Amino acid sequence: MGKTAYQRTSDDTVAPRRDLEGLVGYQLRRVGAQVVKELLRIFGVVGLAPGQFSILMLIAEHPGCFQMDLARLANVDRSTLVPMIERLAQLKFIKRSQSENDRRAFHLQVTARGRKAIDQVMPDLRAFEETLTDAMSAREKTTLLRSLRHVEEALLRP
C-alpha cells in the first residue's frame, strides 16, 4: 500500500523570496505544489490522478447521479469531466447505466472495485491530512478551510 505517513523531502525546506512571502497566491502555489506531489503518489497506487479520485468520491457520495449533475458538483466543464469518467470506467471503478427517461443520459455508480480502490488509499490520505494540520488547533483548521472557501468563491465569481 505504500508508506502511511507523509515524509518531507530535503527540497521542501527551500527558503521563499521575502518579496513574495506576503502574497496569498504565491503561498497557495508553494503549498499546492507539495500537496499535489503527495496526492499524485497516494492516488497513483490505484492508477488515478487527484481529480479522478475526487470524481470517484463524488460518485460514491451521490450514487446514481448524472454526468451533468456531477459536473456541477465538481465545478468542472464537460470536456474536463468526460475523460475522467472514461478513465474510471476503464478501470472498472464505476459503471454507467442508461437512463430510462433520456437515452443520452447515464446514471453513475461506484463498483465494488471502485470501493476497494477508495478503501486502499484512504489510510494514506488521512495520514497526509493529519500531517497538513497537525500543527494547527481545531479552530485554526476551521478558519483555514473557511478562508480557502472564500478564495475559491472569489475565483468563481464572473
# chains A, B, ... in the order shown; residues from 1 in each chain; ligands from 1
call {"tool": "select_by_dssp", "arguments": {"residues": "range 3-82 of chain A", "states": "alpha helix (DSSP H)", "output": "number ranges by chain"}}
result
A: 24-44, 50-61, 67-74, 78-82
call {"tool": "residues_around", "arguments": {"residues": "Gly25 in chain A", "least_positions_apart": "3", "cutoff": "12 Å", "atoms": "only C-alpha atoms", "output": "list in words"}}
result
Leu20, Glu21, Gly22, Leu28, Arg29, Arg30, Val31, Gly32, Leu148, Val151, Glu152 and Leu155 of chain A
call {"tool": "write_last_selection", "arguments": {"atoms": "N, CA and C atoms", "output": "tab-separated table (two decimals), in the first residue's frame"}}
result
chain	number	residue	atom	x	y	z
A	20	LEU	N	7.83	37.86	-1.91
A	20	LEU	CA	6.66	37.06	-2.29
A	20	LEU	C	5.94	36.46	-1.08
A	21	GLU	N	6.59	36.45	0.06
A	21	GLU	CA	6.03	35.80	1.24
A	21	GLU	C	4.65	36.30	1.64
A	22	GLY	N	4.36	37.57	1.39
A	22	GLY	CA	3.08	38.15	1.79
A	22	GLY	C	1.98	37.98	0.76
A	28	LEU	N	-0.16	29.89	-1.77
A	28	LEU	CA	-1.02	28.79	-2.23
A	28	LEU	C	-0.30	27.93	-3.27
A	29	ARG	N	0.45	28.58	-4.16
A	29	ARG	CA	1.19	27.84	-5.18
A	29	ARG	C	2.25	26.96	-4.55
A	30	ARG	N	2.99	27.51	-3.59
A	30	ARG	CA	4.05	26.73	-2.93
A	30	ARG	C	3.47	25.51	-2.21
A	31	VAL	N	2.45	25.75	-1.42
A	31	VAL	CA	1.84	24.65	-0.68
A	31	VAL	C	1.16	23.69	-1.65
A	32	GLY	N	0.46	24.26	-2.63
A	32	GLY	CA	-0.26	23.44	-3.61
A	32	GLY	C	0.65	22.49	-4.35
A	148	LEU	N	-10.14	29.33	2.69
A	148	LEU	CA	-9.94	28.73	1.36
A	148	LEU	C	-11.23	28.70	0.55
A	151	VAL	N	-11.66	32.11	-0.86
A	151	VAL	CA	-10.77	32.30	-2.02
A	151	VAL	C	-11.38	31.63	-3.24
A	152	GLU	N	-11.87	30.41	-3.08
A	152	GLU	CA	-12.48	29.69	-4.20
A	152	GLU	C	-13.70	30.44	-4.73
A	155	LEU	N	-12.70	33.36	-6.80
A	155	LEU	CA	-12.19	32.97	-8.12
A	155	LEU	C	-13.29	32.51	-9.06
call {"tool": "select_by_dssp", "arguments": {"residues": "chain A", "states": "strand (DSSP E or B)", "output": "ChimeraX atom specification"}}
result
/A:65-66,94-98,106-110
call {"tool": "residues_around", "arguments": {"residues": "Lys95 in chain A", "least_positions_apart": "2", "cutoff": "8 Å", "atoms": "only C-alpha atoms", "output": "MDAnalysis selection string"}}
result
chainID A and resid 89 92:93 97 108:111
call {"tool": "write_last_selection", "arguments": {"atoms": "N, CA and C atoms", "output": "PDB file, in the first residue's frame"}}
result
ATOM      1  N   ALA A  89     -14.264   4.392 -15.717  1.00  0.00           N
ATOM      2  CA  ALA A  89     -14.969   3.256 -16.321  1.00  0.00           C
ATOM      3  C   ALA A  89     -13.969   2.226 -16.850  1.00  0.00           C
ATOM      4  N   LYS A  92     -12.804   0.086 -14.339  1.00  0.00           N
ATOM      5  CA  LYS A  92     -13.950  -0.608 -13.740  1.00  0.00           C
ATOM      6  C   LYS A  92     -14.214  -0.161 -12.301  1.00  0.00           C
ATOM      7  N   PHE A  93     -13.931   1.124 -12.035  1.00  0.00           N
ATOM      8  CA  PHE A  93     -14.215   1.715 -10.730  1.00  0.00           C
ATOM      9  C   PHE A  93     -15.649   2.251 -10.669  1.00  0.00           C
ATOM     10  N   SER A  97     -25.140   3.414 -16.267  1.00  0.00           N
ATOM     11  CA  SER A  97     -26.413   2.799 -16.643  1.00  0.00           C
ATOM     12  C   SER A  97     -27.250   3.831 -17.368  1.00  0.00           C
ATOM     13  N   LEU A 108     -24.465   7.132 -12.808  1.00  0.00           N
ATOM     14  CA  LEU A 108     -23.116   6.686 -12.458  1.00  0.00           C
ATOM     15  C   LEU A 108     -23.125   6.044 -11.074  1.00  0.00           C
ATOM     16  N   GLN A 109     -22.471   4.907 -10.964  1.00  0.00           N
ATOM     17  CA  GLN A 109     -22.382   4.168  -9.704  1.00  0.00           C
ATOM     18  C   GLN A 109     -20.948   3.708  -9.495  1.00  0.00           C
ATOM     19  N   VAL A 110     -20.500   3.693  -8.257  1.00  0.00           N
ATOM     20  CA  VAL A 110     -19.195   3.128  -7.926  1.00  0.00           C
ATOM     21  C   VAL A 110     -19.353   1.609  -7.827  1.00  0.00           C
ATOM     22  N   THR A 111     -18.416   0.884  -8.402  1.00  0.00           N
ATOM     23  CA  THR A 111     -18.422  -0.578  -8.350  1.00  0.00           C
ATOM     24  C   THR A 111     -17.699  -1.061  -7.089  1.00  0.00           C
TER      25      THR A 111
END
call {"tool": "closest_atom_pairs", "arguments": {"of": "range 32-53 of chain A", "to": "range 122-130 of chain A", "cutoff": "12 Å", "atoms": "only C-alpha atoms", "output": "CSV"}}
result
residue,atom,partner,partner_atom,distance
A:Gln34,CA,A:Phe128,CA,11.3
A:Val35,CA,A:Phe128,CA,9.0
A:Val36,CA,A:Phe128,CA,11.4
A:Lys37,CA,A:Phe128,CA,11.6
A:Glu38,CA,A:Phe128,CA,8.1
A:Leu39,CA,A:Leu125,CA,7.8
A:Leu40,CA,A:Leu125,CA,10.9
A:Arg41,CA,A:Asp124,CA,9.7
A:Ile42,CA,A:Asp124,CA,6.5
A:Phe43,CA,A:Leu125,CA,8.6
A:Gly44,CA,A:Asp124,CA,11.6
A:Val45,CA,A:Asp124,CA,10.4
A:Val46,CA,A:Met122,CA,11.3
A:Pro50,CA,A:Leu125,CA,10.9
A:Phe53,CA,A:Met122,CA,10.7
